Amino acid sequence: TRQSPARCADAAARHALIERACALGVPRDYARTRRLRLQREPKRPVPIGPDIRQREQWLIPPAARAFAAMRAAAARDGIELQVVSAFRSIEYQLGIIRRKLERGQSMQQILRVSAAPGYSEHHSGRALDVTAPGFAALEEEFENSPAFAWLKKHARRFGFHLSYPRKNRHGIAYEPWHWCWKSR
């Protein structure tokens, strides 16, 4: 069996990582001002196959089943959905923030395109970023793809929704590639 990805063991570990993010410059009122809730990491995510870089990706079991069904339905319609990323731990998110700071980005710039550690839907094991052949990963141009048009029309049927449309209430940049599963 494939080893599950690293995750926070408990609330104290999660709190320590969020404190480290605040020490890097994440505002303490981030959750309130962005209207985001703390995301719990899943106990037992399941593998959904490799991403575009051949790294294993993970979702919670019901989201994984829904994604498999959605991907198969898209394929029947001639649409290939490629995974860019799925589950991401709070610690991994902290590393993303740290690397962006090291490259000279301001915290304000970073939080415009990345949720702060603890608040990313990726932590829940319900969210994934997708792309399609011929389209750059994590770029707005994905909205011009047949895959995006298919998702807009069919994703809800499988329990997925676009989390960050244009001018969303969270103040996060438009992400046509980011879809989250919600139980119905």
# chains A, B, ... in the order shown; residues from 1 in each chain; ligands from 1
>>> closest_atom_pairs(of="stretch 45-104 of chain A", to="stretch 21-38 of chain A", cutoff="10 Å", atoms="only C-alpha atoms", output="JSON lines")
{"residue": "A:Ile90", "atom": "CA", "partner": "A:Ala21", "partner_atom": "CA", "distance": 9.9}
{"residue": "A:Glu91", "atom": "CA", "partner": "A:Ala21", "partner_atom": "CA", "distance": 9.6}
{"residue": "A:Gln93", "atom": "CA", "partner": "A:Ala21", "partner_atom": "CA", "distance": 9.4}
{"residue": "A:Leu94", "atom": "CA", "partner": "A:Ala21", "partner_atom": "CA", "distance": 6.4}
{"residue": "A:Gly95", "atom": "CA", "partner": "A:Ala21", "partner_atom": "CA", "distance": 9.5}
{"residue": "A:Ile97", "atom": "CA", "partner": "A:Ala21", "partner_atom": "CA", "distance": 8.1}
{"residue": "A:Arg98", "atom": "CA", "partner": "A:Leu24", "partner_atom": "CA", "distance": 7.7}
{"residue": "A:Leu101", "atom": "CA", "partner": "A:Leu24", "partner_atom": "CA", "distance": 8.6}
>>> write_last_selection(atoms="all heavy atoms", output="mmCIF file, in the first residue's frame")
data_model
loop_
_atom_site.group_PDB
_atom_site.id
_atom_site.type_symbol
_atom_site.label_atom_id
_atom_site.label_comp_id
_atom_site.auth_asym_id
_atom_site.auth_seq_id
_atom_site.Cartn_x
_atom_site.Cartn_y
_atom_site.Cartn_z
ATOM 1 N N ILE A 90 -1.062 21.356 6.135
ATOM 2 C CA ILE A 90 -0.835 22.704 6.647
ATOM 3 C C ILE A 90 0.662 23.013 6.608
ATOM 4 O O ILE A 90 1.075 24.106 6.225
ATOM 5 C CB ILE A 90 -1.408 22.853 8.068
ATOM 6 C CG1 ILE A 90 -2.929 22.685 8.035
ATOM 7 C CG2 ILE A 90 -1.031 24.205 8.675
ATOM 8 C CD1 ILE A 90 -3.586 22.593 9.397
ATOM 9 N N GLU A 91 1.459 22.025 6.970
ATOM 10 C CA GLU A 91 2.912 22.228 6.954
ATOM 11 C C GLU A 91 3.423 22.496 5.540
ATOM 12 O O GLU A 91 4.274 23.360 5.322
ATOM 13 C CB GLU A 91 3.616 21.012 7.554
ATOM 14 C CG GLU A 91 5.087 21.231 7.754
ATOM 15 C CD GLU A 91 5.728 20.193 8.652
ATOM 16 O OE1 GLU A 91 5.097 19.174 8.970
ATOM 17 O OE2 GLU A 91 6.879 20.423 9.031
ATOM 18 N N GLN A 93 1.700 23.863 3.138
ATOM 19 C CA GLN A 93 1.236 25.209 2.800
ATOM 20 C C GLN A 93 2.158 26.261 3.411
ATOM 21 O O GLN A 93 2.462 27.262 2.781
ATOM 22 C CB GLN A 93 -0.204 25.406 3.281
ATOM 23 C CG GLN A 93 -0.878 26.645 2.745
ATOM 24 C CD GLN A 93 -1.424 26.459 1.347
ATOM 25 O OE1 GLN A 93 -1.347 25.386 0.760
ATOM 26 N NE2 GLN A 93 -1.969 27.512 0.789
ATOM 27 N N LEU A 94 2.623 26.009 4.623
ATOM 28 C CA LEU A 94 3.565 26.914 5.275
ATOM 29 C C LEU A 94 4.854 27.006 4.449
ATOM 30 O O LEU A 94 5.408 28.090 4.264
ATOM 31 C CB LEU A 94 3.869 26.437 6.697
ATOM 32 C CG LEU A 94 4.776 27.333 7.538
ATOM 33 C CD1 LEU A 94 4.158 28.706 7.753
ATOM 34 C CD2 LEU A 94 5.057 26.666 8.886
ATOM 35 N N GLY A 95 5.293 25.875 3.909
ATOM 36 C CA GLY A 95 6.480 25.865 3.047
ATOM 37 C C GLY A 95 6.279 26.682 1.784
ATOM 38 O O GLY A 95 7.202 27.386 1.330
ATOM 39 N N ILE A 97 4.336 29.327 1.486
ATOM 40 C CA ILE A 97 4.401 30.718 1.910
ATOM 41 C C ILE A 97 5.865 31.140 2.111
ATOM 42 O O ILE A 97 6.302 32.192 1.633
ATOM 43 C CB ILE A 97 3.602 30.933 3.222
ATOM 44 C CG1 ILE A 97 2.132 30.561 3.043
ATOM 45 C CG2 ILE A 97 3.780 32.354 3.761
ATOM 46 C CD1 ILE A 97 1.325 31.419 2.133
ATOM 47 N N ARG A 98 6.617 30.302 2.802
ATOM 48 C CA ARG A 98 8.028 30.609 3.081
ATOM 49 C C ARG A 98 8.815 30.766 1.770
ATOM 50 O O ARG A 98 9.583 31.721 1.626
ATOM 51 C CB ARG A 98 8.634 29.495 3.943
ATOM 52 C CG ARG A 98 10.036 29.834 4.433
ATOM 53 C CD ARG A 98 10.611 28.769 5.338
ATOM 54 N NE ARG A 98 9.916 28.768 6.626
ATOM 55 C CZ ARG A 98 9.189 27.759 7.085
ATOM 56 N NH1 ARG A 98 9.067 26.653 6.414
ATOM 57 N NH2 ARG A 98 8.596 27.843 8.257
ATOM 58 N N LEU A 101 7.995 34.046 0.081
ATOM 59 C CA LEU A 101 8.643 35.158 0.780
ATOM 60 C C LEU A 101 10.122 35.232 0.407
ATOM 61 O O LEU A 101 10.652 36.325 0.156
ATOM 62 C CB LEU A 101 8.499 35.000 2.298
ATOM 63 C CG LEU A 101 7.126 35.305 2.889
ATOM 64 C CD1 LEU A 101 7.060 34.839 4.334
ATOM 65 C CD2 LEU A 101 6.800 36.793 2.773
#
>>> residues_around(residues="stretch 70-87 of chain A", least_positions_apart="4", cutoff="8 Å", atoms="only C-alpha atoms", output="number ranges by chain")
A: 50-53, 57-59, 66, 122-133, 137-138, 146-147, 150, 155, 158
>>> closest_residue(among="A:Gly159, A:Pro165, A:Pro45, A:Gly118", to="A:Cys180", atoms="only C-alpha atoms")
A:Gly159
>>> select_by_dssp(residues="chain A", states="helix (DSSP H, G or I)", output="PyMOL selection string")
chain A and resi 11-24+30-34+61-76+90-102+107-113+121-124+140-144+146-158
>>> closest_residue(among="A:Arg103, A:His178, A:Arg14, A:Arg88", to="A:Glu143", atoms="only C-alpha atoms")
A:His178
>>> select_by_dssp(residues="chain A", states="strand (DSSP E or B)", output="PyMOL selection string")
chain A and resi 46-50+56-59+82-85+127-131+160-162+178-181
>>> write_last_selection(atoms="N, CA, C and O atoms", output="tab-separated table (two decimals), in the first residue's frame")
chain	number	residue	atom	x	y	z
A	46	VAL	N	-7.26	8.90	0.58
A	46	VAL	CA	-6.97	7.78	-0.32
A	46	VAL	C	-6.30	8.30	-1.59
A	46	VAL	O	-6.56	9.43	-2.01
A	47	PRO	N	-5.44	7.49	-2.19
A	47	PRO	CA	-4.76	7.93	-3.42
A	47	PRO	C	-5.74	8.03	-4.59
A	47	PRO	O	-6.65	7.22	-4.70
A	48	ILE	N	-5.54	9.05	-5.42
A	48	ILE	CA	-6.38	9.21	-6.62
A	48	ILE	C	-5.55	9.10	-7.89
A	48	ILE	O	-6.06	9.34	-8.98
A	49	GLY	N	-4.29	8.74	-7.76
A	49	GLY	CA	-3.41	8.64	-8.92
A	49	GLY	C	-2.45	9.80	-8.97
A	49	GLY	O	-2.49	10.70	-8.13
A	50	PRO	N	-1.57	9.78	-9.96
A	50	PRO	CA	-0.53	10.81	-10.04
A	50	PRO	C	-1.04	12.12	-10.63
A	50	PRO	O	-2.00	12.15	-11.40
A	56	GLU	N	2.00	11.20	-6.43
A	56	GLU	CA	0.71	10.66	-5.97
A	56	GLU	C	-0.10	11.77	-5.31
A	56	GLU	O	0.45	12.58	-4.57
A	57	GLN	N	-1.40	11.80	-5.57
A	57	GLN	CA	-2.30	12.79	-4.97
A	57	GLN	C	-3.38	12.07	-4.17
A	57	GLN	O	-3.69	10.90	-4.43
A	58	TRP	N	-3.97	12.79	-3.22
A	58	TRP	CA	-4.88	12.19	-2.25
A	58	TRP	C	-6.12	13.05	-2.03
A	58	TRP	O	-6.05	14.28	-2.07
A	59	LEU	N	-7.25	12.39	-1.79
A	59	LEU	CA	-8.50	13.04	-1.40
A	59	LEU	C	-9.16	12.18	-0.33
A	59	LEU	O	-8.80	11.00	-0.16
A	82	GLN	N	-6.80	16.68	-15.86
A	82	GLN	CA	-5.52	16.32	-15.28
A	82	GLN	C	-5.39	16.95	-13.90
A	82	GLN	O	-5.71	18.13	-13.73
A	83	VAL	N	-4.91	16.20	-12.95
A	83	VAL	CA	-4.74	16.70	-11.59
A	83	VAL	C	-3.41	17.44	-11.48
A	83	VAL	O	-2.37	16.94	-11.90
A	84	VAL	N	-3.47	18.63	-10.89
A	84	VAL	CA	-2.27	19.41	-10.60
A	84	VAL	C	-1.90	19.19	-9.13
A	84	VAL	O	-0.75	18.98	-8.79
A	85	SER	N	-2.90	19.26	-8.25
A	85	SER	CA	-2.68	18.98	-6.84
A	85	SER	C	-4.01	18.70	-6.17
A	85	SER	O	-5.06	19.11	-6.66
A	127	ALA	N	-10.46	19.28	-1.95
A	127	ALA	CA	-10.19	20.21	-3.06
A	127	ALA	C	-9.11	19.69	-3.97
A	127	ALA	O	-8.19	19.00	-3.54
A	128	LEU	N	-9.24	20.06	-5.24
A	128	LEU	CA	-8.16	19.75	-6.18
A	128	LEU	C	-8.06	20.82	-7.23
A	128	LEU	O	-9.02	21.53	-7.52
A	129	ASP	N	-6.84	20.95	-7.74
A	129	ASP	CA	-6.56	21.85	-8.84
A	129	ASP	C	-6.41	20.98	-10.08
A	129	ASP	O	-5.76	19.93	-10.02
A	130	VAL	N	-7.04	21.41	-11.16
A	130	VAL	CA	-7.00	20.62	-12.39
A	130	VAL	C	-6.52	21.48	-13.55
A	130	VAL	O	-6.55	22.71	-13.50
A	131	THR	N	-6.11	20.80	-14.60
A	131	THR	CA	-5.77	21.44	-15.85
A	131	THR	C	-6.18	20.48	-16.97
A	131	THR	O	-6.80	19.45	-16.72
A	160	PHE	N	-18.94	18.94	-6.94
A	160	PHE	CA	-17.82	19.88	-6.99
A	160	PHE	C	-18.30	21.29	-7.37
A	160	PHE	O	-19.23	21.44	-8.16
A	161	HIS	N	-17.67	22.28	-6.79
A	161	HIS	CA	-17.97	23.67	-7.14
A	161	HIS	C	-16.66	24.46	-7.27
A	161	HIS	O	-15.65	24.09	-6.70
A	162	LEU	N	-16.75	25.53	-8.04
A	162	LEU	CA	-15.63	26.45	-8.22
A	162	LEU	C	-15.55	27.32	-6.97
A	162	LEU	O	-16.46	28.06	-6.66
A	178	HIS	N	-9.47	25.55	-9.52
A	178	HIS	CA	-9.65	25.05	-8.15
A	178	HIS	C	-11.11	24.66	-7.90
A	178	HIS	O	-11.99	25.50	-7.88
A	179	TRP	N	-11.32	23.36	-7.65
A	179	TRP	CA	-12.67	22.81	-7.45
A	179	TRP	C	-12.71	22.05	-6.13
A	179	TRP	O	-11.77	21.34	-5.80
A	180	CYS	N	-13.78	22.23	-5.39
A	180	CYS	CA	-13.90	21.59	-4.09
A	180	CYS	C	-15.17	20.75	-4.02
A	180	CYS	O	-16.24	21.18	-4.49
A	181	TRP	N	-15.07	19.59	-3.43
A	181	TRP	CA	-16.20	18.68	-3.26
A	181	TRP	C	-16.88	18.98	-1.93
A	181	TRP	O	-16.21	19.17	-0.92
>>> atom_distance(atom1="atom CA of A:Tyr164", atom2="atom CA of A:Met107")
19.2 Å
>>> closest_residue(among="A:Arg20, A:Arg55, A:Lys182, A:Arg169", to="A:Ala116", atoms="only C-alpha atoms")
A:Arg20
>>> atom_distance(atom1="atom CA of A:Gly171", atom2="atom CA of A:Lys152")
21.1 Å
>>> atom_distance(atom1="atom CA of A:Lys43", atom2="atom CA of A:Ser89")
11.7 Å
>>> decode(residues="stretch 91-124 of chain A", atoms="N, CA, C and O atoms", output="tab-separated table (two decimals), in the first residue's frame")
chain	number	residue	atom	x	y	z
A	91	GLU	N	1.46	22.03	6.97
A	91	GLU	CA	2.91	22.23	6.95
A	91	GLU	C	3.42	22.50	5.54
A	91	GLU	O	4.27	23.36	5.32
A	92	TYR	N	2.89	21.78	4.55
A	92	TYR	CA	3.29	22.00	3.16
A	92	TYR	C	2.90	23.42	2.73
A	92	TYR	O	3.67	24.11	2.06
A	93	GLN	N	1.70	23.86	3.14
A	93	GLN	CA	1.24	25.21	2.80
A	93	GLN	C	2.16	26.26	3.41
A	93	GLN	O	2.46	27.26	2.78
A	94	LEU	N	2.62	26.01	4.62
A	94	LEU	CA	3.57	26.91	5.27
A	94	LEU	C	4.85	27.01	4.45
A	94	LEU	O	5.41	28.09	4.26
A	95	GLY	N	5.29	25.88	3.91
A	95	GLY	CA	6.48	25.87	3.05
A	95	GLY	C	6.28	26.68	1.78
A	95	GLY	O	7.20	27.39	1.33
A	96	ILE	N	5.08	26.63	1.21
A	96	ILE	CA	4.77	27.44	0.02
A	96	ILE	C	4.91	28.92	0.35
A	96	ILE	O	5.53	29.68	-0.39
A	97	ILE	N	4.34	29.33	1.49
A	97	ILE	CA	4.40	30.72	1.91
A	97	ILE	C	5.86	31.14	2.11
A	97	ILE	O	6.30	32.19	1.63
A	98	ARG	N	6.62	30.30	2.80
A	98	ARG	CA	8.03	30.61	3.08
A	98	ARG	C	8.81	30.77	1.77
A	98	ARG	O	9.58	31.72	1.63
A	99	ARG	N	8.62	29.84	0.81
A	99	ARG	CA	9.35	29.93	-0.46
A	99	ARG	C	8.99	31.20	-1.23
A	99	ARG	O	9.86	31.83	-1.84
A	100	LYS	N	7.74	31.58	-1.20
A	100	LYS	CA	7.32	32.80	-1.90
A	100	LYS	C	7.94	34.04	-1.25
A	100	LYS	O	8.35	34.97	-1.95
A	101	LEU	N	8.00	34.05	0.08
A	101	LEU	CA	8.64	35.16	0.78
A	101	LEU	C	10.12	35.23	0.41
A	101	LEU	O	10.65	36.33	0.16
A	102	GLU	N	10.78	34.08	0.35
A	102	GLU	CA	12.20	34.03	-0.01
A	102	GLU	C	12.45	34.53	-1.43
A	102	GLU	O	13.52	35.05	-1.73
A	103	ARG	N	11.44	34.40	-2.30
A	103	ARG	CA	11.57	34.90	-3.68
A	103	ARG	C	11.24	36.39	-3.77
A	103	ARG	O	11.21	36.94	-4.87
A	104	GLY	N	10.93	37.02	-2.62
A	104	GLY	CA	10.71	38.45	-2.60
A	104	GLY	C	9.27	38.91	-2.68
A	104	GLY	O	9.02	40.12	-2.76
A	105	GLN	N	8.33	37.99	-2.66
A	105	GLN	CA	6.93	38.40	-2.67
A	105	GLN	C	6.53	38.92	-1.29
A	105	GLN	O	7.01	38.43	-0.28
A	106	SER	N	5.62	39.88	-1.27
A	106	SER	CA	5.11	40.38	0.01
A	106	SER	C	4.01	39.42	0.49
A	106	SER	O	3.40	38.70	-0.30
A	107	MET	N	3.74	39.45	1.80
A	107	MET	CA	2.67	38.60	2.33
A	107	MET	C	1.34	38.97	1.70
A	107	MET	O	0.53	38.10	1.40
A	108	GLN	N	1.11	40.25	1.45
A	108	GLN	CA	-0.13	40.68	0.80
A	108	GLN	C	-0.26	40.05	-0.59
A	108	GLN	O	-1.33	39.57	-0.95
A	109	GLN	N	0.82	40.04	-1.36
A	109	GLN	CA	0.78	39.40	-2.68
A	109	GLN	C	0.51	37.91	-2.55
A	109	GLN	O	-0.29	37.35	-3.31
A	110	ILE	N	1.16	37.27	-1.62
A	110	ILE	CA	1.02	35.82	-1.44
A	110	ILE	C	-0.41	35.46	-1.07
A	110	ILE	O	-1.01	34.54	-1.64
A	111	LEU	N	-0.99	36.18	-0.12
A	111	LEU	CA	-2.33	35.85	0.36
A	111	LEU	C	-3.42	36.21	-0.65
A	111	LEU	O	-4.57	35.81	-0.49
A	112	ARG	N	-3.05	36.90	-1.68
A	112	ARG	CA	-4.01	37.17	-2.77
A	112	ARG	C	-4.20	35.91	-3.62
A	112	ARG	O	-5.26	35.70	-4.18
A	113	VAL	N	-3.18	35.04	-3.67
A	113	VAL	CA	-3.28	33.85	-4.53
A	113	VAL	C	-3.18	32.54	-3.76
A	113	VAL	O	-3.46	31.48	-4.33
A	114	SER	N	-2.80	32.58	-2.51
A	114	SER	CA	-2.69	31.36	-1.70
A	114	SER	C	-3.35	31.59	-0.35
A	114	SER	O	-3.13	32.62	0.28
A	115	ALA	N	-4.15	30.62	0.07
A	115	ALA	CA	-4.75	30.70	1.41
A	115	ALA	C	-3.65	30.51	2.44
A	115	ALA	O	-2.67	29.79	2.21
A	116	ALA	N	-3.82	31.14	3.58
A	116	ALA	CA	-2.85	31.00	4.67
A	116	ALA	C	-2.88	29.57	5.21
A	116	ALA	O	-3.91	28.88	5.14
A	117	PRO	N	-1.77	29.10	5.74
A	117	PRO	CA	-1.73	27.77	6.34
A	117	PRO	C	-2.84	27.62	7.38
A	117	PRO	O	-3.05	28.49	8.22
A	118	GLY	N	-3.56	26.51	7.25
A	118	GLY	CA	-4.69	26.22	8.13
A	118	GLY	C	-6.03	26.52	7.48
A	118	GLY	O	-7.05	25.98	7.87
A	119	TYR	N	-6.03	27.34	6.43
A	119	TYR	CA	-7.29	27.80	5.84
A	119	TYR	C	-7.49	27.38	4.38
A	119	TYR	O	-8.49	27.72	3.78
A	120	SER	N	-6.55	26.66	3.82
A	120	SER	CA	-6.69	26.19	2.45
A	120	SER	C	-7.65	25.01	2.37
A	120	SER	O	-7.57	24.08	3.17
A	121	GLU	N	-8.54	25.04	1.40
A	121	GLU	CA	-9.44	23.89	1.20
A	121	GLU	C	-8.65	22.63	0.88
A	121	GLU	O	-9.14	21.53	1.13
A	122	HIS	N	-7.45	22.78	0.38
A	122	HIS	CA	-6.62	21.61	0.09
A	122	HIS	C	-6.34	20.80	1.35
A	122	HIS	O	-6.18	19.59	1.29
A	123	HIS	N	-6.29	21.46	2.51
A	123	HIS	CA	-6.03	20.75	3.77
A	123	HIS	C	-7.12	19.73	4.08
A	123	HIS	O	-6.89	18.76	4.78
A	124	SER	N	-8.34	19.98	3.59
A	124	SER	CA	-9.49	19.14	3.94
A	124	SER	C	-9.52	17.81	3.18
A	124	SER	O	-10.27	16.91	3.55
